[in-house]
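Coordinates from final_15.txt are shown below (compact mmCIF, C-alpha atoms).
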# COMPACT_ATOMS: atom_id res chain seq x y z
CA MET A 1 100.52 8.77 -19.45
CA GLY A 2 102.91 5.88 -19.91
CA LEU A 3 105.08 6.59 -16.88
CA ARG A 4 107.55 3.84 -16.07
CA ARG A 5 106.38 1.79 -13.10
CA PRO A 6 107.35 -1.82 -12.29
CA GLU A 7 104.61 -4.41 -11.81
CA LEU A 8 103.78 -5.52 -8.28
CA PRO A 9 105.10 -8.90 -7.18
CA ALA A 10 102.43 -11.57 -7.25
CA GLY A 11 100.26 -12.18 -4.18
CA PRO A 12 98.89 -13.30 -1.81
CA TYR A 13 100.16 -10.45 0.38
CA LEU A 14 100.99 -10.12 4.06
CA VAL A 15 100.68 -6.51 5.29
CA VAL A 16 102.82 -6.03 8.40
CA GLY A 17 101.75 -3.15 10.67
CA LEU A 18 98.13 -2.00 10.72
CA ALA A 19 98.41 1.69 11.56
CA ARG A 20 97.36 4.36 9.05
CA SER A 21 99.66 3.39 6.16
CA GLY A 22 99.25 -0.35 6.64
CA LEU A 23 95.47 -0.11 6.71
CA ALA A 24 95.50 1.91 3.49
CA ALA A 25 97.81 -0.62 1.81
CA ALA A 26 95.73 -3.58 2.91
CA GLY A 27 92.52 -1.90 1.77
CA LEU A 28 94.03 -1.01 -1.61
CA LEU A 29 95.16 -4.59 -2.28
CA ALA A 30 91.85 -6.07 -1.12
CA ASN A 31 89.92 -3.68 -3.37
CA ARG A 32 92.03 -4.92 -6.29
CA GLY A 33 90.77 -8.44 -5.60
CA GLU A 34 94.00 -9.68 -4.02
CA GLU A 35 94.17 -12.15 -1.15
CA VAL A 36 95.44 -10.11 1.83
CA ILE A 37 96.43 -11.03 5.37
CA GLY A 38 97.14 -8.26 7.88
CA VAL A 39 99.23 -8.65 11.02
CA ASP A 40 100.24 -6.34 13.87
CA ALA A 41 102.24 -7.08 16.99
CA GLY A 42 99.98 -4.73 18.94
CA LEU A 43 96.22 -4.30 19.23
CA PRO A 44 95.37 -1.55 16.71
CA ASP A 45 91.83 -0.48 15.91
CA VAL A 46 91.49 -1.75 12.34
CA GLY A 47 87.84 -0.76 11.93
CA ASP A 48 85.99 -2.46 9.10
CA LEU A 49 88.85 -3.82 7.01
CA SER A 50 86.70 -5.70 4.55
CA GLY A 51 88.25 -8.60 2.66
CA VAL A 52 91.36 -8.80 4.86
CA GLU A 53 92.17 -11.61 7.29
CA VAL A 54 93.46 -9.79 10.38
CA HIS A 55 95.82 -11.09 13.08
CA THR A 56 96.68 -8.84 16.04
CA ALA A 57 99.03 -9.36 19.00
CA ALA A 58 101.04 -11.59 16.66
CA GLU A 59 104.47 -11.46 15.02
CA GLY A 60 103.18 -13.17 11.87
CA VAL A 61 106.12 -15.46 11.03
CA GLU A 62 103.80 -18.45 10.80
CA LEU A 63 101.80 -16.62 8.10
CA LEU A 64 104.70 -16.39 5.65
CA ASP A 65 104.00 -19.87 4.27
CA ARG A 66 100.66 -18.58 2.98
CA VAL A 67 101.88 -15.50 1.08
CA ALA A 68 104.14 -14.58 -1.84
CA ALA A 69 104.96 -10.97 -0.89
CA VAL A 70 105.12 -8.74 2.18
CA VAL A 71 104.09 -5.08 2.41
CA LYS A 72 105.71 -3.33 5.37
CA SER A 73 104.31 -0.26 7.11
CA PRO A 74 106.93 2.47 7.71
CA GLY A 75 106.53 2.25 11.48
CA VAL A 76 107.68 -1.37 11.50
CA PRO A 77 111.48 -1.63 11.86
CA LYS A 78 113.34 -3.72 9.29
CA GLU A 79 114.61 -5.87 12.16
CA ALA A 80 111.07 -7.05 13.00
CA VAL A 81 111.04 -10.85 13.20
CA VAL A 82 108.54 -11.38 10.38
CA VAL A 83 110.34 -8.94 8.06
CA SER A 84 113.73 -10.53 8.70
CA ALA A 85 112.26 -13.98 8.17
CA ALA A 86 110.61 -12.95 4.91
CA ARG A 87 113.87 -11.61 3.52
CA ALA A 88 115.76 -14.69 4.66
CA GLN A 89 113.23 -16.83 2.75
CA GLY A 90 113.50 -14.70 -0.38
CA VAL A 91 109.97 -13.28 -0.05
CA PRO A 92 109.77 -9.80 -1.64
CA VAL A 93 109.28 -7.01 0.92
CA LEU A 94 107.85 -3.67 -0.25
CA GLY A 95 107.05 -0.55 1.73
CA GLU A 96 103.69 1.22 1.42
CA LEU A 97 105.39 4.08 -0.45
CA GLU A 98 106.78 1.71 -3.08
CA LEU A 99 103.47 -0.16 -3.39
CA ALA A 100 101.40 2.96 -4.00
CA TRP A 101 103.96 4.60 -6.31
CA ARG A 102 103.92 1.56 -8.58
CA LEU A 103 100.15 1.88 -8.91
CA LEU A 104 99.99 5.66 -9.46
CA ASP A 105 100.34 6.65 -13.11
CA HIS A 106 100.95 10.31 -12.23
CA HIS A 107 103.98 12.59 -12.06
CA PHE A 108 105.42 12.20 -8.59
CA VAL A 109 107.30 14.72 -6.42
CA ALA A 110 108.97 13.22 -3.33
CA VAL A 111 110.06 15.60 -0.55
CA THR A 112 112.53 14.37 2.04
CA GLY A 113 114.95 15.78 4.61
CA THR A 114 115.12 16.06 8.38
CA ASN A 115 113.20 19.30 8.88
CA GLY A 116 110.72 21.24 6.80
CA LYS A 117 109.19 18.31 4.89
CA THR A 118 105.58 18.95 5.83
CA THR A 119 105.79 22.69 5.21
CA THR A 120 107.51 22.23 1.85
CA THR A 121 105.13 19.47 0.76
CA GLU A 122 102.09 21.59 1.56
CA LEU A 123 103.70 24.62 -0.06
CA LEU A 124 104.28 22.61 -3.26
CA GLY A 125 100.60 21.70 -3.25
CA HIS A 126 99.71 25.38 -2.81
CA LEU A 127 101.99 26.43 -5.69
CA HIS A 128 100.34 23.90 -8.00
CA ARG A 129 96.91 25.17 -7.05
CA CYS A 130 98.02 28.75 -7.71
CA ALA A 131 99.11 27.60 -11.17
CA GLY A 132 95.74 25.92 -11.78
CA ALA A 133 97.41 22.50 -11.93
CA PRO A 134 95.64 19.48 -10.37
CA VAL A 135 97.58 18.14 -7.40
CA ALA A 136 97.25 15.72 -4.49
CA VAL A 137 99.34 15.96 -1.32
CA ALA A 138 100.03 12.79 0.64
CA GLY A 139 102.54 10.62 2.46
CA ASN A 140 103.98 11.31 5.87
CA VAL A 141 101.84 14.48 6.16
CA GLY A 142 98.76 12.45 7.09
CA THR A 143 97.06 11.09 3.95
CA PRO A 144 98.43 7.61 3.18
CA LEU A 145 99.72 7.46 -0.36
CA ALA A 146 97.91 4.18 -0.99
CA SER A 147 94.56 5.90 -0.41
CA LEU A 148 95.09 8.01 -3.57
CA VAL A 149 95.27 5.09 -5.99
CA GLY A 150 92.31 5.20 -8.37
CA THR A 151 91.01 8.54 -7.06
CA LEU A 152 93.00 11.13 -9.06
CA GLU A 153 92.16 12.89 -12.29
CA ALA A 154 94.39 12.38 -15.28
CA GLY A 155 97.33 14.78 -15.32
CA ALA A 156 97.38 15.37 -11.56
CA THR A 157 100.73 15.65 -9.81
CA VAL A 158 101.28 13.73 -6.56
CA VAL A 159 103.38 15.58 -3.97
CA CYS A 160 104.48 13.18 -1.25
CA GLU A 161 106.36 13.78 1.99
CA ALA A 162 108.75 10.83 2.24
CA SER A 163 110.37 9.89 5.53
CA SER A 164 113.54 7.88 6.03
CA PHE A 165 111.34 5.04 7.35
CA GLN A 166 109.45 4.98 4.04
CA LEU A 167 112.48 5.42 1.81
CA GLU A 168 114.56 2.65 3.41
CA ASP A 169 111.94 0.18 2.16
CA THR A 170 112.13 1.23 -1.49
CA ILE A 171 113.31 -1.11 -4.23
CA ALA A 172 112.60 0.53 -7.60
CA PHE A 173 111.17 3.86 -6.43
CA ALA A 174 112.24 6.64 -8.81
CA PRO A 175 110.10 9.81 -8.58
CA GLU A 176 109.99 12.26 -11.45
CA VAL A 177 111.13 14.93 -8.97
CA ALA A 178 112.97 14.33 -5.68
CA VAL A 179 113.64 17.17 -3.22
CA LEU A 180 116.17 17.02 -0.37
CA LEU A 181 115.84 19.85 2.14
CA ASN A 182 118.58 19.06 4.67
CA VAL A 183 120.08 16.24 6.71
CA GLU A 184 120.57 16.51 10.48
CA ALA A 185 120.96 13.83 13.12
CA ASP A 186 117.54 12.26 13.75
CA HIS A 187 115.97 8.82 14.28
CA LEU A 188 119.33 7.40 15.34
CA ASP A 189 117.44 5.04 17.64
CA ARG A 190 116.05 3.44 14.48
CA HIS A 191 118.86 3.86 11.92
CA GLY A 192 121.83 3.53 14.28
CA THR A 193 124.16 6.05 12.63
CA LEU A 194 123.91 9.34 10.76
CA ALA A 195 125.40 7.60 7.72
CA GLU A 196 122.62 5.00 7.66
CA TYR A 197 119.97 7.68 8.16
CA THR A 198 121.42 9.76 5.32
CA ALA A 199 121.59 6.70 3.07
CA ALA A 200 117.88 6.10 3.65
CA LYS A 201 117.07 9.68 2.63
CA LEU A 202 119.15 9.42 -0.54
CA GLU A 203 117.15 6.41 -1.74
CA ALA A 204 114.82 9.05 -3.21
CA PHE A 205 117.51 9.85 -5.81
CA ALA A 206 119.32 6.55 -6.33
CA ARG A 207 117.29 5.25 -9.28
CA GLN A 208 116.39 8.52 -10.97
CA GLY A 209 117.49 9.09 -14.55
CA PRO A 210 116.76 11.43 -17.44
CA PRO A 211 114.42 13.29 -17.57
CA ASP A 212 113.92 13.21 -13.78
CA VAL A 213 114.85 16.18 -11.58
CA ALA A 214 116.84 16.14 -8.32
CA VAL A 215 116.48 19.31 -6.20
CA LEU A 216 119.24 19.71 -3.62
CA PRO A 217 120.82 22.35 -1.36
CA ALA A 218 123.57 24.24 -3.16
CA ALA A 219 126.39 22.78 -1.05
CA PHE A 220 125.12 19.20 -0.75
CA PRO A 221 127.26 16.53 -2.48
CA ASP A 222 125.86 14.91 -5.61
CA PRO A 223 123.82 11.81 -4.75
CA ALA A 224 123.65 8.66 -6.84
CA GLY A 225 121.29 8.70 -9.79
CA ARG A 226 121.35 10.38 -13.18
CA ALA A 227 118.67 13.05 -12.78
CA LEU A 228 119.10 16.69 -13.74
CA ARG A 229 120.49 18.38 -10.60
CA ILE A 230 118.84 21.66 -9.60
CA ARG A 231 120.45 23.52 -6.70
CA PHE A 232 118.81 25.98 -4.30
CA GLY A 233 120.28 28.37 -1.76
CA PRO A 234 123.20 30.81 -2.04
CA GLY A 235 124.92 30.28 -5.37
CA GLY A 236 122.32 27.84 -6.69
CA ASP A 237 119.96 27.86 -9.66
CA LEU A 238 117.42 29.23 -7.17
CA ASP A 239 119.73 31.74 -5.49
CA ASP A 240 119.24 33.56 -2.18
CA ARG A 241 121.09 36.89 -2.02
CA ASP A 242 120.59 40.62 -1.55
CA GLY A 243 117.29 40.17 0.26
CA ARG A 244 115.66 38.23 -2.58
CA LEU A 245 115.23 34.82 -4.16
CA TRP A 246 116.47 34.63 -7.75
CA TRP A 247 115.75 32.04 -10.44
CA ARG A 248 118.66 31.68 -12.83
CA GLY A 249 119.63 35.33 -12.53
CA GLU A 250 116.10 36.78 -12.59
CA ALA A 251 114.57 38.25 -9.41
CA LEU A 252 111.72 36.05 -8.14
CA ILE A 253 110.53 37.48 -4.82
CA ALA A 254 111.81 39.63 -1.93
CA HIS A 255 112.34 38.01 1.45
CA ASP A 256 109.73 40.23 3.10
CA GLU A 257 107.11 39.18 0.54
CA ILE A 258 107.34 35.51 1.60
CA ARG A 259 104.60 34.86 4.16
CA LEU A 260 106.40 32.11 6.11
CA ARG A 261 108.37 33.14 9.20
CA GLY A 262 112.14 32.61 9.52
CA ALA A 263 115.26 31.89 7.47
CA HIS A 264 114.54 28.15 7.57
CA ASN A 265 111.23 28.73 5.83
CA ARG A 266 112.97 30.83 3.18
CA HIS A 267 115.09 27.73 2.60
CA ASN A 268 111.90 25.65 2.25
CA ALA A 269 110.39 28.23 -0.09
CA ALA A 270 113.50 28.17 -2.27
CA ALA A 271 113.36 24.37 -2.52
CA ALA A 272 109.68 24.35 -3.47
CA ALA A 273 110.13 27.15 -6.00
CA ALA A 274 113.11 25.39 -7.58
CA ALA A 275 111.14 22.15 -7.95
CA CYS A 276 108.24 23.93 -9.64
CA LEU A 277 110.25 26.23 -11.89
CA ALA A 278 112.47 23.36 -13.04
CA ARG A 279 109.30 21.60 -14.24
CA GLY A 280 108.17 24.67 -16.19
CA MET A 281 105.64 26.26 -13.81
CA ALA A 282 104.99 29.92 -14.57
CA VAL A 283 107.07 32.36 -12.53
CA GLU A 284 103.94 34.41 -11.76
CA ALA A 285 102.20 31.42 -10.15
CA VAL A 286 105.25 30.61 -8.02
CA ARG A 287 105.57 34.23 -6.90
CA GLU A 288 101.87 34.34 -5.99
CA GLY A 289 102.09 31.10 -4.04
CA LEU A 290 105.13 32.14 -2.04
CA GLY A 291 103.39 35.37 -1.12
CA THR A 292 100.13 33.75 0.04
CA PHE A 293 101.09 30.50 1.81
CA THR A 294 100.82 30.90 5.59
CA GLY A 295 102.17 27.56 6.80
CA VAL A 296 100.86 24.35 8.37
CA ALA A 297 99.46 23.27 11.70
CA HIS A 298 101.94 22.35 14.46
CA ARG A 299 104.86 24.08 12.72
CA LEU A 300 105.52 27.52 14.27
CA GLU A 301 101.76 27.94 14.42
CA GLU A 302 100.66 31.05 16.29
CA VAL A 303 97.71 29.80 18.36
CA GLY A 304 96.89 32.90 20.35
CA ARG A 305 97.89 35.89 22.45
CA ARG A 306 97.05 36.07 26.11
CA ASP A 307 97.86 39.15 28.19
CA GLY A 308 100.32 40.33 25.54
CA VAL A 309 102.15 36.95 25.37
CA LEU A 310 102.34 35.09 22.04
CA TYR A 311 101.77 31.31 22.23
CA VAL A 312 103.30 29.26 19.41
CA ASN A 313 102.72 25.56 18.64
CA ASP A 314 105.77 23.90 17.09
CA SER A 315 104.87 20.37 18.16
CA LYS A 316 106.23 18.96 14.92
CA ALA A 317 109.75 19.88 16.10
CA THR A 318 110.71 16.34 17.06
CA ASN A 319 114.49 16.78 16.95
CA VAL A 320 117.12 19.18 18.25
CA ALA A 321 117.86 20.77 14.87
CA SER A 322 114.21 21.70 14.41
CA THR A 323 114.00 23.33 17.84
CA LEU A 324 117.16 25.33 17.14
CA VAL A 325 115.54 26.63 13.94
CA ALA A 326 112.41 27.59 15.88
CA LEU A 327 114.40 29.51 18.49
CA ALA A 328 116.19 31.46 15.75
CA SER A 329 112.80 32.64 14.44
CA PHE A 330 112.09 34.89 17.46
CA HIS A 331 113.75 38.04 18.73
CA ALA A 332 111.63 38.38 21.89
CA PRO A 333 112.50 36.36 25.03
CA VAL A 334 111.15 32.79 24.72
CA HIS A 335 109.67 30.50 27.36
CA LEU A 336 110.49 27.14 25.78
CA ILE A 337 108.60 23.91 26.49
CA MET A 338 110.64 20.82 25.58
CA GLY A 339 110.77 17.09 26.17
CA GLY A 340 109.42 13.67 25.27
CA LEU A 341 111.23 10.72 23.70
CA GLY A 342 114.70 11.88 22.73
CA LYS A 343 115.47 9.18 20.12
CA GLY A 344 119.09 8.94 21.23
CA GLN A 345 119.91 12.56 20.34
CA ASP A 346 122.65 14.76 21.79
CA PHE A 347 120.98 17.73 23.51
CA ALA A 348 124.22 19.65 24.08
CA PRO A 349 123.69 21.92 21.01
CA LEU A 350 120.69 23.43 22.80
CA ARG A 351 122.75 24.77 25.73
CA ALA A 352 124.05 28.05 24.31
CA PRO A 353 120.95 29.04 22.23
CA VAL A 354 118.62 28.36 25.16
CA ALA A 355 120.84 30.38 27.50
CA GLU A 356 120.94 33.24 24.99
CA ARG A 357 117.34 33.38 23.79
CA CYS A 358 115.16 31.84 26.50
CA ALA A 359 113.71 33.40 29.62
CA GLY A 360 112.87 29.90 30.81
CA ALA A 361 112.93 26.22 29.77
CA TYR A 362 110.12 23.96 30.97
CA LEU A 363 110.77 20.23 30.61
CA ILE A 364 108.32 17.36 30.18
CA GLY A 365 108.35 13.70 29.31
CA GLU A 366 110.65 10.72 29.48
CA ASP A 367 113.91 12.42 28.51
CA ALA A 368 113.44 15.60 30.57
CA GLY A 369 116.36 14.62 32.79
CA ARG A 370 118.75 14.22 29.84
CA ILE A 371 117.70 17.62 28.48
CA ALA A 372 118.12 19.24 31.91
CA ALA A 373 121.67 17.87 32.12
CA ALA A 374 122.51 19.63 28.85
CA LEU A 375 121.11 23.04 29.87
CA GLU A 376 122.37 25.67 32.31
CA ARG A 377 118.98 25.99 33.94
CA SER A 378 115.51 24.56 33.49
CA THR A 379 112.27 23.82 35.31
CA PRO A 380 111.05 20.19 35.56
CA CYS A 381 107.30 20.08 34.92
CA GLY A 382 106.47 16.46 34.16
CA ASP A 383 103.60 17.07 31.79
CA LEU A 384 102.42 19.65 29.29
CA GLU A 385 99.66 21.12 31.46
CA ARG A 386 102.11 22.03 34.23
CA ALA A 387 104.62 23.34 31.71
CA VAL A 388 102.08 25.68 30.10
CA ALA A 389 100.96 26.88 33.53
CA GLY A 390 104.55 27.55 34.58
CA ALA A 391 105.38 29.38 31.38
CA ARG A 392 102.22 31.46 31.58
CA ALA A 393 102.97 32.51 35.16
CA ALA A 394 106.49 33.63 34.22
CA ALA A 395 105.92 35.21 30.78
CA ARG A 396 105.62 38.98 30.44
CA PRO A 397 103.90 41.05 27.70
CA GLY A 398 105.91 40.95 24.48
CA GLU A 399 107.42 37.53 25.25
CA VAL A 400 106.75 34.17 23.59
CA VAL A 401 105.66 30.80 24.99
CA LEU A 402 106.93 28.22 22.50
CA LEU A 403 106.17 24.50 22.43
CA SER A 404 109.09 23.12 20.43
CA PRO A 405 109.85 19.79 22.09
CA ALA A 406 112.98 18.54 20.24
CA CYS A 407 111.58 15.08 20.97
CA ALA A 408 109.04 12.57 19.75
CA SER A 409 105.68 12.54 21.53
CA PHE A 410 104.95 8.87 22.06
CA ASP A 411 105.72 8.74 25.78
CA GLN A 412 102.73 10.96 26.61
CA PHE A 413 100.74 11.45 23.36
CA ALA A 414 99.56 9.37 20.41
CA ASP A 415 101.52 11.59 18.00
CA PHE A 416 102.84 15.13 17.57
CA GLU A 417 99.40 16.27 16.32
CA ALA A 418 97.78 15.19 19.59
CA ARG A 419 100.51 17.01 21.53
CA GLY A 420 99.93 20.17 19.50
CA GLU A 421 96.15 19.94 19.94
CA ALA A 422 96.62 19.59 23.70
CA PHE A 423 98.78 22.72 23.70
CA ARG A 424 96.15 24.61 21.67
CA SER A 425 93.47 23.54 24.11
CA LEU A 426 95.49 24.63 27.14
CA VAL A 427 96.15 28.03 25.57
CA SER A 428 92.50 28.56 24.60
CA ASN A 429 91.38 27.66 28.12

Turn the structure described in the file into structure tokens.
Amino acid sequence: MGLRRPELPAGPYLVVGLARSGLAAAGLLANRGEEVIGVDAGLPDVGDLSGVEVHTAAEGVELLDRVAAVVKSPGVPKEAVVVSAARAQGVPVLGELELAWRLLDHHFVAVTGTNGKTTTTELLGHLHRCAGAPVAVAGNVGTPLASLVGTLEAGATVVCEASSFQLEDTIAFAPEVAVLLNVEADHLDRHGTLAEYTAAKLEAFARQGPPDVAVLPAAFPDPAGRALRIRFGPGGDLDDRDGRLWWRGEALIAHDEIRLRGAHNRHNAAAAAAACLARGMAVEAVREGLGTFTGVAHRLEEVGRRDGVLYVNDSKATNVASTLVALASFHAPVHLIMGGLGKGQDFAPLRAPVAERCAGAYLIGEDAGRIAAALERSTPCGDLERAVAGARAAARPGEVVLLSPACASFDQFADFEARGEAFRSLVSN
């Protein structure tokens, strides 16, 4: 296909962080015949990582003398001792996203933003399938990007959810299409300020040029880069007005024909449609896809009704803005389960919406006390099992029990998926 991709720096390679992305990166490099050393400060289960010299419970600084390049997993902060030392010594440091992108000779769509990334990424995959176009979905949604290298048919499009953690490690990354959904305060415990967090997101656009496409909210300022700018939302190329989405003046689909619940998902649908239509996808395929896509697990997922009460799993709501969006999606009284690791967020914006829309707030996890201080009233529960039991006892027919934590899960669960699965299990039992 002849897509522009820089060569990798020469090895040997040190892969720092051996969770899902790091393991995929190490395996990819080893399969290419490279000399690879893997290191993790913890004790991860690396399984059978053939051809890789593994060091656990180690910082890895002493290994730098044996390598020529470092590959950093997104979960490893840039301040990690080995990463800082590598940069100080002039050793190239690449993220797993950059590594895999350089080795994928396929059109690449990167989806970033604070909220809605997973839904929009999966929706983009669905739209491609409706159009009969080969596609692979990867990145922060669960499939490491590195695992796709060498597995895709010619002409396939890669749609990748890209987090701020992945994008801050990019060097030459320039996707053929970059999509920004929104920017809200999140991960300030990692990035420090909203400005730094936003700057990480905008790395998706910084090195784009003709004929690349940048898809942005209608009111968002122009980012760096020289891509064609496509705007979505009221007044944009993909307009939202009069109860419909419109593509450059032509009606695309009515709001009530879009399967996803809520105004925020209409925003996600507009972004995905704009990205596809700007690349020449048939209007009929986009319309079909928007009308048939039902959403993703752990994002406003209706997991059951018990005694007339609807139970909804929104475990992927790991920040305040996402929980506010979830609350706005329901008209019935909500029994809201919140809490976990707050990531340095301000919970004050929850006060009025919770008072207005919620019949109860049930708090769990490490930052439950900080959330309680921001609300008018709440019930401390400690853990998810007690919170579900409390909400079930209080909820009446026609009401909603909503897990939308506004926090990360790592104080009590391995990840947000495990938290959502636990909620599902409690509801089913």

* Asked: If you measure from CA of Phe347 (chain A) to CA of Glu417 (chain A), what distance in Å do you get, rounded to one decimal?
  ->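 One can read the CA of Phe347 (chain A) to CA of Glu417 (chain A) distance as 22.8 Å.
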
* To do: Find the distance between CA of Val283 (chain A) and CA of Ala270 (chain A) and write it in Å to one decimal.
  =>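 Separation of CA of Val283 (chain A) and CA of Ala270 (chain A): 12.8 Å.
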
* **Pairwise distance for CA of Glu302 (chain A) and CA of Glu421 (chain A), rounded to one decimal in Å** =>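 For CA of Glu302 (chain A) relative to CA of Glu421 (chain A), the distance reads 12.5 Å.
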
* Name the residues, using the chain letters and numbers of the file, that sit within 9 Å of (108.3, 12.8, -9.1) when counting all atoms listed in the file, and give them as a PyMOL selection string. => chain A and resi 106-110+157-160+174-178+212-213

* Test item: residues at most 8 Å from region 117-133 of chain A, only C-alpha atoms, excluding those fewer than 4 positions along its chain, as a VMD selection string -> chain A and resid 111 to 113 137 140 to 141 156 to 157 159 to 162 181 268 to 269 271 to 273 276 281 to 282 285 to 286 288 to 290 293 295 to 296 299

* To do: Could you give me, as an NGL selection string, the residues within 10 Å of region 389-395 of chain A, counting only C-alpha atoms and dropping anything in the same chain fewer than 3 positions from it?
  => :A and (306-311 or 333-337 or 359-362 or 379-381 or 384-386 or 398-402 or 426-427)

* Which residues, written as a PyMOL selection string, have at least one atom at most 10 Å from Thr143 (chain A), with only C-alpha atoms counted and residues fewer than 4 positions away on the same chain left out? -> chain A and resi 20-21+24+136-139+147-148+160-161

Could I get the residues of region 215-271 of chain A with an atom no further than 12 Å from an atom of region 321-324 of chain A, each paired with its nearest atom pair and that distance in Å to one decimal, using only C-alpha atoms, sorted by chain and residue number, as CSV?
residue,atom,partner,partner_atom,distance
A:Gly262,CA,A:Leu324,CA,11.7
A:Ala263,CA,A:Leu324,CA,11.8
A:His264,CA,A:Ser322,CA,9.4
A:Asn265,CA,A:Ser322,CA,11.5

* So, counting all atoms listed in the file, which residue among A:Leu145, A:Val81, A:Ala374, A:Val135 is closest to Gly22 (chain A)? -> A:Leu145

* **Pick from A:Ser425, A:Thr114, A:Thr170, A:Ser404 nearest to Lys72 (chain A), counting only C-alpha atoms** =>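 Nearest to Lys72 (chain A): A:Thr170.
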
* To do: Scan for residues within 12 Å of the point (120.7, 32.6, -3.0) in the coordinates of the file, using all atoms listed in the file, and reply as a VMD selection string.
  => chain A and resid 217 to 219 231 to 255 263 266 to 267 269 to 271 274

* Which one is closest to Arg261 (chain A): A:Trp101, A:Phe165, A:Phe330, A:Phe205? Count only C-alpha atoms. ->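 Closest residue, counting only C-alpha atoms: A:Phe330.
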
Dump C-alpha atoms of region 342-353 of chain A from the given block, as an mmCIF file, in the first residue's frame.
data_model
loop_
_atom_site.group_PDB
_atom_site.id
_atom_site.type_symbol
_atom_site.label_atom_id
_atom_site.label_comp_id
_atom_site.auth_asym_id
_atom_site.auth_seq_id
_atom_site.Cartn_x
_atom_site.Cartn_y
_atom_site.Cartn_z
ATOM 1 C CA GLY A 342 -10.926 9.257 42.243
ATOM 2 C CA LYS A 343 -7.748 10.188 40.317
ATOM 3 C CA GLY A 344 -7.629 13.631 41.895
ATOM 4 C CA GLN A 345 -10.983 14.735 40.448
ATOM 5 C CA ASP A 346 -13.349 17.398 41.775
ATOM 6 C CA PHE A 347 -16.637 15.682 42.676
ATOM 7 C CA ALA A 348 -18.549 18.930 43.271
ATOM 8 C CA PRO A 349 -20.185 18.883 39.787
ATOM 9 C CA LEU A 350 -22.102 15.769 40.865
ATOM 10 C CA ARG A 351 -23.926 17.534 43.716
ATOM 11 C CA ALA A 352 -26.832 19.159 41.868
ATOM 12 C CA PRO A 353 -27.482 16.383 39.273
#
